[in-house]
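The next block holds one structure in the form of structure tokens; read it before the comments.
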Amino acid sequence: MTVELVGYIEMKNSELSVKRYCKSMEKDWDNFVRLAKNSLFMFQRNYMDYHSDRFEDYSMMFYRNGKLVAVMPANIKQNTVYSHGGLTYGGLIVGNDIRQNVVNDVIGTLIQYLRENHIKNIYYKIIPYIYHKQPSEEDKYALFQHGARLSEVAAATVINLNNPLKMSHGRIENINKATRNKVNIKECFAKKDFDNYIELLNKVLETRHGVNAVHTSDEMFLLYERFPQNIHLICAFQYDTMIAGAIVYEYEEIIHTQYLAADEIARKNGGLDLVIAYLIRKYQGHKKWLDFGISTEDGGRYLNEGLIAQKEGFGGRTVVCELWELEI
């Protein structure tokens, strides 16, 4: 049975109930996310809602005997729910004390709720295990139990910063070349630097792929201002000209290169290699992993061998990112 209440919809199933997120729940949502065992700062509402004009929110909050036990960032498009189309990862965010049987029931309640609301499909992004503060793959097992199928598998390249593999000769030579060419690395904080970097990034993306970055410069700087401890811009300069750089997201145990870009000069003199070497040195001993992101397209069916070879040259190896589909 579905009952529409002021500000949200509630669906009860024995001990469990689910409510659609609304603005009045922001504090409860954020407090839960901060303490969750598989949470990332991008699940804070102040991050998620920056692109609310592009995604119709369908986030949900799950309660057991009145206590909040899970939240799920999500958006809806037509009759399909995505967790979440505007975020790198998604799925259920849960606390340390949740057990497998409860997650099974939460997924069952989710399915019942979506069916009651005439949803046909859900696409569910799995948060890779390296991002977990505690083991947190209960949702993956529960999805399997309820008949979900693996829809996409992408290959991300990750460096173990506690025990890094040796860099390839080519990567070492590029780093040395950048040093000889007096390339300097700077951490950037000004709006003009974000403007210059996104302009550089878009030139690269347009030339190679015919697309632009997901984030505009204004959006990226807005997120940086909201999360200055988590979002960083690291750039390579030659003679005061920006030639390469990375926007990195800092998590509790991980550094993730959200964007990497290098112009023709940097490709010749190793500018981007020097940026990555800087990141490895800076965070080694402080973080467990450096995640370069995926090198696959078409849902993982196409592997960009040149791109992944560059990342592997720094000592990275594969961690998979999974997307599951469930017909309701």
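Every chain in the structure tokens has a letter given in the order shown (A, B, ...), and although residue numbers restart at 1 in each chain, ligands are simply numbered from 1 in the order shown.
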
What's the 6 Å shell around Trp324 in chain A, counting only C-alpha atoms, without same-chain residues fewer than 4 positions away, as a list in words?
->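 Once the adjacent positions are removed, what remains is Tyr123, Tyr124, Arg149, Leu150 and Ser151 of chain A.
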
For Ile294 in chain A, please output as a PyMOL selection string all residues within 7 Å (counting only C-alpha atoms; exclusion window: fewer than 6 positions along the same chain).
-> chain A and resi 154-157

Using the chain letters and numbers from this document, which residues of range 95-290 of chain A does DSSP assign to strand (DSSP E or B), as a PyMOL selection string?
-> chain A and resi 121-125+149-160+184-188+231-238+241-250+254-262+284+287+289-290

Write a file of the selected residues as a compact mmCIF listing (two decimals), in the first residue's frame, keeping N, CA and C atoms.
```txt
# COMPACT_ATOMS: atom_id res chain seq x y z
N ASN A 121 12.16 -0.32 -14.54
CA ASN A 121 13.54 -0.79 -14.40
C ASN A 121 14.29 0.06 -13.39
N ILE A 122 15.34 -0.54 -12.82
CA ILE A 122 16.30 0.24 -12.04
C ILE A 122 17.70 -0.15 -12.49
N TYR A 123 18.53 0.88 -12.71
CA TYR A 123 19.95 0.68 -13.00
C TYR A 123 20.72 1.11 -11.76
N TYR A 124 21.51 0.20 -11.23
CA TYR A 124 22.09 0.33 -9.89
C TYR A 124 23.60 0.26 -10.00
N LYS A 125 24.29 1.38 -9.69
CA LYS A 125 25.75 1.42 -9.71
C LYS A 125 26.31 0.88 -8.39
N ARG A 149 20.54 -8.53 -12.90
CA ARG A 149 21.60 -9.05 -13.77
C ARG A 149 22.69 -8.00 -13.96
N LEU A 150 23.89 -8.48 -14.17
CA LEU A 150 25.03 -7.60 -14.41
C LEU A 150 24.90 -7.02 -15.82
N SER A 151 24.81 -5.69 -15.92
CA SER A 151 24.57 -5.03 -17.20
C SER A 151 25.84 -4.48 -17.82
N GLU A 152 26.71 -3.88 -17.00
CA GLU A 152 27.95 -3.28 -17.50
C GLU A 152 29.09 -3.54 -16.52
N VAL A 153 30.28 -3.72 -17.06
CA VAL A 153 31.49 -3.83 -16.25
C VAL A 153 32.56 -2.96 -16.88
N ALA A 154 33.03 -1.97 -16.14
CA ALA A 154 34.08 -1.08 -16.63
C ALA A 154 35.37 -1.33 -15.86
N ALA A 155 36.49 -1.13 -16.53
CA ALA A 155 37.80 -1.36 -15.92
C ALA A 155 38.41 -0.03 -15.48
N ALA A 156 38.54 0.14 -14.17
CA ALA A 156 39.23 1.31 -13.60
C ALA A 156 40.65 0.90 -13.22
N THR A 157 41.58 1.83 -13.34
CA THR A 157 42.97 1.55 -13.02
C THR A 157 43.34 2.22 -11.71
N VAL A 158 43.90 1.43 -10.77
CA VAL A 158 44.12 1.89 -9.41
C VAL A 158 45.54 1.55 -8.97
N ILE A 159 46.20 2.51 -8.32
CA ILE A 159 47.52 2.28 -7.74
C ILE A 159 47.38 2.01 -6.25
N ASN A 160 48.03 0.97 -5.79
CA ASN A 160 48.12 0.68 -4.36
C ASN A 160 49.24 1.55 -3.77
N ASN A 184 56.65 23.10 -13.87
CA ASN A 184 56.35 23.27 -12.44
C ASN A 184 54.94 22.79 -12.13
N ILE A 185 54.79 22.22 -10.95
CA ILE A 185 53.49 21.75 -10.49
C ILE A 185 52.97 22.70 -9.42
N LYS A 186 51.72 23.12 -9.57
CA LYS A 186 51.10 24.01 -8.59
C LYS A 186 49.71 23.52 -8.23
N GLU A 187 49.36 23.68 -6.97
CA GLU A 187 47.98 23.47 -6.55
C GLU A 187 47.25 24.80 -6.73
N CYS A 188 46.13 24.77 -7.42
CA CYS A 188 45.44 25.99 -7.82
C CYS A 188 44.14 26.16 -7.03
N ILE A 231 38.08 18.54 -2.91
CA ILE A 231 38.27 18.76 -4.34
C ILE A 231 39.50 19.64 -4.54
N HIS A 232 40.41 19.17 -5.40
CA HIS A 232 41.67 19.87 -5.62
C HIS A 232 41.98 19.97 -7.11
N LEU A 233 42.60 21.07 -7.49
CA LEU A 233 43.07 21.26 -8.85
C LEU A 233 44.59 21.34 -8.83
N ILE A 234 45.24 20.37 -9.47
CA ILE A 234 46.70 20.29 -9.53
C ILE A 234 47.11 20.45 -10.99
N CYS A 235 47.94 21.44 -11.28
CA CYS A 235 48.26 21.73 -12.68
C CYS A 235 49.76 21.82 -12.93
N ALA A 236 50.12 21.55 -14.19
CA ALA A 236 51.50 21.71 -14.65
C ALA A 236 51.61 22.99 -15.47
N PHE A 237 52.65 23.77 -15.20
CA PHE A 237 52.87 25.04 -15.89
C PHE A 237 54.27 25.04 -16.52
N GLN A 238 54.35 25.59 -17.69
CA GLN A 238 55.65 25.87 -18.30
C GLN A 238 55.66 27.33 -18.71
N THR A 241 52.41 29.16 -18.27
CA THR A 241 51.27 28.70 -19.08
C THR A 241 50.82 27.32 -18.61
N MET A 242 49.54 27.18 -18.33
CA MET A 242 49.00 25.89 -17.92
C MET A 242 49.01 24.93 -19.11
N ILE A 243 49.66 23.78 -18.95
CA ILE A 243 49.76 22.83 -20.06
C ILE A 243 49.12 21.48 -19.74
N ALA A 244 48.86 21.21 -18.46
CA ALA A 244 48.26 19.93 -18.07
C ALA A 244 47.72 20.07 -16.65
N GLY A 245 46.91 19.09 -16.27
CA GLY A 245 46.42 19.15 -14.90
C GLY A 245 45.43 18.04 -14.58
N ALA A 246 45.04 18.01 -13.31
CA ALA A 246 44.09 17.02 -12.83
C ALA A 246 43.18 17.66 -11.79
N ILE A 247 41.90 17.39 -11.90
CA ILE A 247 40.98 17.66 -10.80
C ILE A 247 40.83 16.36 -10.04
N VAL A 248 41.18 16.39 -8.75
CA VAL A 248 41.15 15.17 -7.96
C VAL A 248 40.13 15.31 -6.84
N TYR A 249 39.46 14.19 -6.57
CA TYR A 249 38.53 14.10 -5.45
C TYR A 249 39.22 13.30 -4.35
N GLU A 250 39.25 13.87 -3.18
CA GLU A 250 39.90 13.23 -2.04
C GLU A 250 38.85 12.60 -1.12
N ILE A 254 41.19 7.36 -0.41
CA ILE A 254 41.39 7.32 -1.86
C ILE A 254 41.55 8.71 -2.44
N ILE A 255 42.39 8.80 -3.47
CA ILE A 255 42.45 9.95 -4.34
C ILE A 255 41.95 9.50 -5.71
N HIS A 256 40.96 10.19 -6.23
CA HIS A 256 40.39 9.83 -7.53
C HIS A 256 40.59 10.97 -8.51
N THR A 257 41.22 10.68 -9.65
CA THR A 257 41.41 11.71 -10.67
C THR A 257 40.11 11.85 -11.46
N GLN A 258 39.32 12.83 -11.09
CA GLN A 258 38.02 13.05 -11.75
C GLN A 258 38.23 13.47 -13.21
N TYR A 259 39.24 14.30 -13.44
CA TYR A 259 39.59 14.73 -14.80
C TYR A 259 41.11 14.76 -14.93
N LEU A 260 41.60 14.37 -16.11
CA LEU A 260 43.00 14.50 -16.49
C LEU A 260 43.05 15.13 -17.88
N ALA A 261 43.96 16.09 -18.07
CA ALA A 261 44.06 16.73 -19.38
C ALA A 261 45.47 17.22 -19.62
N ALA A 262 45.89 17.14 -20.89
CA ALA A 262 47.22 17.62 -21.28
C ALA A 262 47.15 18.16 -22.70
N GLN A 284 51.17 9.29 -0.91
CA GLN A 284 51.72 8.02 -0.47
C GLN A 284 51.98 8.07 1.04
N LYS A 287 47.11 7.91 1.97
CA LYS A 287 45.95 7.27 1.37
C LYS A 287 46.32 5.86 0.92
N TRP A 289 44.77 4.27 -1.90
CA TRP A 289 44.62 4.05 -3.33
C TRP A 289 44.62 5.36 -4.11
N LEU A 290 45.13 5.30 -5.33
CA LEU A 290 44.96 6.36 -6.31
C LEU A 290 44.19 5.77 -7.48
```

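Take CA of Tyr58 in chain A and CA of Ile76 in chain A: the distance between them is 5.7 Å.
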
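Here CA of Lys192 in chain A and CA of Tyr278 in chain A stand 22.1 Å from one another.
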
Which polymer residues have any atom within 12 Å of an atom of Ser52 in chain A, counting only C-alpha atoms, with same-chain residues fewer than 4 positions away left out, as a ChimeraX atom specification?
-> /A:23,45-48,56-59,74-76,84-87

Atoms kept (N, CA and C atoms) for selection, written as a JSON list (two decimals), in the first residue's frame:
```json
[["chain", "number", "residue", "atom", "x", "y", "z"],
["A", 23, "LYS", "N", 13.40, 18.11, 0.58],
["A", 23, "LYS", "CA", 14.33, 19.08, 1.15],
["A", 23, "LYS", "C", 14.29, 19.10, 2.68],
["A", 45, "ARG", "N", 23.94, 16.18, 0.26],
["A", 45, "ARG", "CA", 22.96, 16.87, -0.59],
["A", 45, "ARG", "C", 23.53, 18.14, -1.20],
["A", 46, "ASN", "N", 24.48, 18.78, -0.54],
["A", 46, "ASN", "CA", 25.07, 20.00, -1.06],
["A", 46, "ASN", "C", 25.88, 19.73, -2.32],
["A", 47, "TYR", "N", 26.32, 18.49, -2.50],
["A", 47, "TYR", "CA", 26.96, 18.09, -3.75],
["A", 47, "TYR", "C", 25.91, 17.61, -4.75],
["A", 48, "MET", "N", 25.05, 16.68, -4.33],
["A", 48, "MET", "CA", 24.09, 16.08, -5.25],
["A", 48, "MET", "C", 23.17, 17.10, -5.91],
["A", 56, "GLU", "N", 15.93, 14.65, -12.37],
["A", 56, "GLU", "CA", 14.75, 14.63, -11.50],
["A", 56, "GLU", "C", 15.03, 13.67, -10.34],
["A", 57, "ASP", "N", 15.15, 14.22, -9.16],
["A", 57, "ASP", "CA", 15.56, 13.42, -8.01],
["A", 57, "ASP", "C", 14.52, 12.36, -7.65],
["A", 58, "TYR", "N", 15.02, 11.16, -7.33],
["A", 58, "TYR", "CA", 14.16, 10.07, -6.87],
["A", 58, "TYR", "C", 14.85, 9.34, -5.71],
["A", 59, "SER", "N", 15.63, 10.09, -4.94],
["A", 59, "SER", "CA", 16.35, 9.49, -3.83],
["A", 59, "SER", "C", 15.38, 8.96, -2.78],
["A", 74, "ALA", "N", 19.27, 8.68, -6.08],
["A", 74, "ALA", "CA", 18.67, 8.18, -7.32],
["A", 74, "ALA", "C", 18.02, 9.31, -8.08],
["A", 75, "ASN", "N", 17.86, 9.09, -9.37],
["A", 75, "ASN", "CA", 17.07, 9.99, -10.21],
["A", 75, "ASN", "C", 16.16, 9.14, -11.08],
["A", 76, "ILE", "N", 15.15, 9.79, -11.67],
["A", 76, "ILE", "CA", 14.19, 9.07, -12.50],
["A", 76, "ILE", "C", 14.13, 9.71, -13.87],
["A", 84, "HIS", "N", 23.20, 6.75, -9.34],
["A", 84, "HIS", "CA", 22.48, 7.95, -9.75],
["A", 84, "HIS", "C", 23.07, 8.38, -11.07],
["A", 85, "GLY", "N", 22.29, 8.87, -12.01],
["A", 85, "GLY", "CA", 22.80, 9.22, -13.32],
["A", 85, "GLY", "C", 23.82, 10.34, -13.33],
["A", 86, "GLY", "N", 23.81, 11.20, -12.30],
["A", 86, "GLY", "CA", 24.73, 12.32, -12.25],
["A", 86, "GLY", "C", 25.91, 12.12, -11.33],
["A", 87, "LEU", "N", 26.09, 10.91, -10.80],
["A", 87, "LEU", "CA", 27.18, 10.62, -9.86],
["A", 87, "LEU", "C", 28.03, 9.47, -10.39]]
```

Hey, could you make a per-residue contact list for range 101-177 of chain A against range 26-43 of chain A with 6 Å as the cut-off, showing the nearest pair of atoms and its distance in Å to one decimal, counting only C-alpha atoms, sorted by chain and number, as a tab-separated table?
```
residue	atom	partner	partner_atom	distance
A:His132	CA	A:Asn38	CA	4.5
A:Lys133	CA	A:Lys37	CA	5.1
A:Gln134	CA	A:Lys37	CA	5.6
```

Atoms kept (N, CA and C atoms) for selection, written as a PDB file, in the first residue's frame:
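Now in selection-v7.pdb:
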```
ATOM      1  N   HIS A 132      35.024   1.437   0.356  1.00  0.00           N
ATOM      2  CA  HIS A 132      34.320   1.075   1.591  1.00  0.00           C
ATOM      3  C   HIS A 132      35.213   1.297   2.808  1.00  0.00           C
ATOM      4  N   LYS A 133      34.626   1.838   3.872  1.00  0.00           N
ATOM      5  CA  LYS A 133      35.338   1.948   5.145  1.00  0.00           C
ATOM      6  C   LYS A 133      35.315   0.622   5.887  1.00  0.00           C
ATOM      7  N   GLN A 134      34.258  -0.142   5.689  1.00  0.00           N
ATOM      8  CA  GLN A 134      34.113  -1.512   6.166  1.00  0.00           C
ATOM      9  C   GLN A 134      33.550  -2.327   4.998  1.00  0.00           C
TER      10      GLN A 134
END
```

For Ser168 in chain A, please output as an MDAnalysis selection string all residues within 8 Å (counting only C-alpha atoms; exclusion window: fewer than 5 positions along the same chain).
-> chainID A and resid 313:315

Print the selection's residues with C-alpha atoms to a file, as a PDB file, in the first residue's frame.
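Contents of the output file selection09.pdb:
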```
ATOM      1  CA  GLY A 313      52.603   2.421 -16.676  1.00  0.00           C
ATOM      2  CA  PHE A 314      52.377   4.268 -13.359  1.00  0.00           C
ATOM      3  CA  GLY A 315      51.869   0.960 -11.536  1.00  0.00           C
TER       4      GLY A 315
END
```

List the neighbours of Ile126 in chain A out to 7 Å using only C-alpha atoms; skip same-chain residues closer than 2 positions along the sequence, and give me the result as a list of chain:residue names.
-> A:Tyr89, A:Gly90, A:Gly91, A:Tyr124, A:Pro128, A:Cys321, A:Glu322, A:Leu323

Please, what distance in Å, to one decimal, runs between CA of Arg226 in chain A and CA of Asp49 in chain A?
->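 That distance, rounded to one decimal, is 11.8 Å.
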
Would you kindly return, as a list in words, each protein, DNA or RNA residue with an atom no farther than 10 Å from any atom of Gly147 in chain A, considering only C-alpha atoms and excluding same-chain residues fewer than 4 positions away?
->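 The neighbour list is Ala142, Leu143, Glu325, Leu326, Glu327 and Ile328 of chain A.
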
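Residues with any atom within 10 Å of Glu312 in chain A, counting only C-alpha atoms and excluding same-chain neighbours fewer than 4 positions away, are Thr157, Val158, Ile159, Leu165, Lys166, Met167, Ser168, Arg171, Phe292, Gly306, Leu307, Ile308, Gly316, Arg317 and Thr318 of chain A.
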
As a short mmCIF file (atom, residue, chain, number, x, y, z; two decimals) with N, CA and C atoms, in the first residue's frame, which residues of range 201-315 of chain A does DSSP assign to alpha helix (DSSP H)?
```cif
data_model
loop_
_atom_site.label_atom_id
_atom_site.label_comp_id
_atom_site.auth_asym_id
_atom_site.auth_seq_id
_atom_site.Cartn_x
_atom_site.Cartn_y
_atom_site.Cartn_z
N LEU A 201 40.70 21.30 -20.81
CA LEU A 201 40.08 19.98 -20.83
C LEU A 201 39.10 19.85 -21.99
N ASN A 202 38.27 20.86 -22.20
CA ASN A 202 37.28 20.79 -23.28
C ASN A 202 37.93 20.76 -24.66
N LYS A 203 39.05 21.46 -24.82
CA LYS A 203 39.77 21.40 -26.10
C LYS A 203 40.23 19.97 -26.38
N VAL A 204 40.74 19.31 -25.34
CA VAL A 204 41.20 17.93 -25.50
C VAL A 204 40.02 17.01 -25.81
N LEU A 205 38.93 17.15 -25.05
CA LEU A 205 37.77 16.28 -25.23
C LEU A 205 37.11 16.50 -26.59
N GLU A 206 37.02 17.76 -27.01
CA GLU A 206 36.40 18.05 -28.31
C GLU A 206 37.22 17.47 -29.45
N THR A 207 38.55 17.60 -29.34
CA THR A 207 39.43 17.11 -30.40
C THR A 207 39.40 15.59 -30.50
N ARG A 208 39.40 14.94 -29.36
CA ARG A 208 39.52 13.48 -29.35
C ARG A 208 38.18 12.74 -29.38
N HIS A 209 37.16 13.34 -28.76
CA HIS A 209 35.90 12.60 -28.61
C HIS A 209 34.67 13.38 -29.07
N SER A 217 32.91 25.10 -15.87
CA SER A 217 33.86 25.72 -14.95
C SER A 217 33.14 26.30 -13.73
N ASP A 218 32.00 26.94 -13.95
CA ASP A 218 31.24 27.51 -12.83
C ASP A 218 30.79 26.42 -11.86
N GLU A 219 30.32 25.30 -12.39
CA GLU A 219 29.88 24.20 -11.53
C GLU A 219 31.04 23.61 -10.74
N MET A 220 32.17 23.44 -11.42
CA MET A 220 33.31 22.83 -10.75
C MET A 220 33.83 23.72 -9.64
N PHE A 221 33.86 25.02 -9.89
CA PHE A 221 34.33 25.93 -8.86
C PHE A 221 33.32 26.03 -7.71
N LEU A 222 32.04 25.96 -8.02
CA LEU A 222 31.02 25.95 -6.97
C LEU A 222 31.21 24.74 -6.06
N LEU A 223 31.44 23.57 -6.64
CA LEU A 223 31.65 22.37 -5.83
C LEU A 223 32.95 22.48 -5.03
N TYR A 224 33.98 23.05 -5.64
CA TYR A 224 35.24 23.26 -4.92
C TYR A 224 35.01 24.15 -3.70
N GLU A 225 34.25 25.22 -3.88
CA GLU A 225 33.99 26.12 -2.75
C GLU A 225 33.18 25.43 -1.65
N ARG A 226 32.30 24.52 -2.04
CA ARG A 226 31.50 23.80 -1.05
C ARG A 226 32.29 22.70 -0.36
N GLU A 264 49.18 19.68 -26.31
CA GLU A 264 50.23 19.09 -27.14
C GLU A 264 51.61 19.27 -26.54
N ILE A 265 51.84 20.42 -25.92
CA ILE A 265 53.14 20.66 -25.29
C ILE A 265 53.38 19.66 -24.17
N ALA A 266 52.37 19.47 -23.33
CA ALA A 266 52.52 18.55 -22.19
C ALA A 266 52.70 17.11 -22.66
N ARG A 267 52.06 16.76 -23.77
CA ARG A 267 52.24 15.39 -24.28
C ARG A 267 53.66 15.15 -24.77
N LYS A 268 54.29 16.23 -25.21
CA LYS A 268 55.67 16.10 -25.68
C LYS A 268 56.69 16.16 -24.56
N ASN A 269 56.40 16.99 -23.53
CA ASN A 269 57.43 17.16 -22.49
C ASN A 269 57.10 16.46 -21.17
N GLY A 271 54.36 16.69 -19.16
CA GLY A 271 53.74 17.51 -18.12
C GLY A 271 52.73 16.77 -17.27
N LEU A 272 51.86 15.96 -17.92
CA LEU A 272 50.84 15.24 -17.14
C LEU A 272 51.48 14.14 -16.30
N ASP A 273 52.52 13.50 -16.81
CA ASP A 273 53.23 12.49 -16.03
C ASP A 273 53.78 13.10 -14.74
N LEU A 274 54.26 14.33 -14.82
CA LEU A 274 54.79 14.99 -13.63
C LEU A 274 53.68 15.30 -12.63
N VAL A 275 52.49 15.66 -13.13
CA VAL A 275 51.35 15.87 -12.25
C VAL A 275 51.03 14.59 -11.47
N ILE A 276 50.99 13.47 -12.18
CA ILE A 276 50.65 12.19 -11.53
C ILE A 276 51.74 11.78 -10.55
N ALA A 277 53.01 12.00 -10.92
CA ALA A 277 54.10 11.69 -9.99
C ALA A 277 53.97 12.53 -8.73
N TYR A 278 53.56 13.78 -8.88
CA TYR A 278 53.33 14.67 -7.73
C TYR A 278 52.23 14.10 -6.83
N LEU A 279 51.12 13.63 -7.42
CA LEU A 279 50.02 13.08 -6.64
C LEU A 279 50.47 11.84 -5.86
N ILE A 280 51.24 10.99 -6.52
CA ILE A 280 51.72 9.77 -5.86
C ILE A 280 52.59 10.12 -4.66
N ARG A 281 53.51 11.05 -4.85
CA ARG A 281 54.40 11.45 -3.74
C ARG A 281 53.61 12.12 -2.62
N LYS A 282 52.67 12.98 -2.99
CA LYS A 282 51.92 13.74 -1.99
C LYS A 282 51.08 12.85 -1.08
N TYR A 283 50.46 11.82 -1.66
CA TYR A 283 49.48 11.04 -0.90
C TYR A 283 49.99 9.67 -0.46
N GLU A 305 42.90 0.49 -25.11
CA GLU A 305 44.15 -0.14 -24.69
C GLU A 305 45.28 0.87 -24.53
N GLY A 306 45.29 1.90 -25.35
CA GLY A 306 46.32 2.91 -25.20
C GLY A 306 46.18 3.68 -23.90
N LEU A 307 44.95 4.04 -23.56
CA LEU A 307 44.70 4.80 -22.34
C LEU A 307 45.02 3.98 -21.10
N ILE A 308 44.56 2.73 -21.07
CA ILE A 308 44.81 1.92 -19.87
C ILE A 308 46.30 1.58 -19.75
N ALA A 309 47.00 1.47 -20.87
CA ALA A 309 48.43 1.19 -20.82
C ALA A 309 49.18 2.35 -20.18
N GLN A 310 48.76 3.60 -20.48
CA GLN A 310 49.38 4.75 -19.85
C GLN A 310 49.21 4.69 -18.33
N LYS A 311 48.00 4.38 -17.88
CA LYS A 311 47.72 4.33 -16.45
C LYS A 311 48.46 3.17 -15.79
N GLU A 312 48.49 2.04 -16.46
CA GLU A 312 49.21 0.89 -15.91
C GLU A 312 50.71 1.17 -15.84
#
```

With only C-alpha atoms as the basis for distance, which of A:Thr88, A:Asn230, A:Thr179, A:Ser17 is at the shortest distance from Gln112 in chain A?
->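 Smallest distance to Gln112 in chain A is found for A:Ser17.
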
Rank A:Phe62, A:Phe189, A:Tyr50, A:Phe227 by their smallest atom-to-atom distance to Asp105 in chain A, using only C-alpha atoms, and report the top residue only.
->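 Answer, going by the shortest atom-to-atom distance: A:Phe62.
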
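When only C-alpha atoms are used to measure the gap to Asp97 in chain A, the shortest distance among A:Leu68, A:Glu116, A:Thr109, A:Thr80 belongs to A:Leu68.
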
Residue among A:Arg180, A:Leu16, A:Ser136, A:Phe55 lying closest to Val106 in chain A, counting only C-alpha atoms =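 Of the candidates, the smallest distance to Val106 in chain A is held by A:Leu16.
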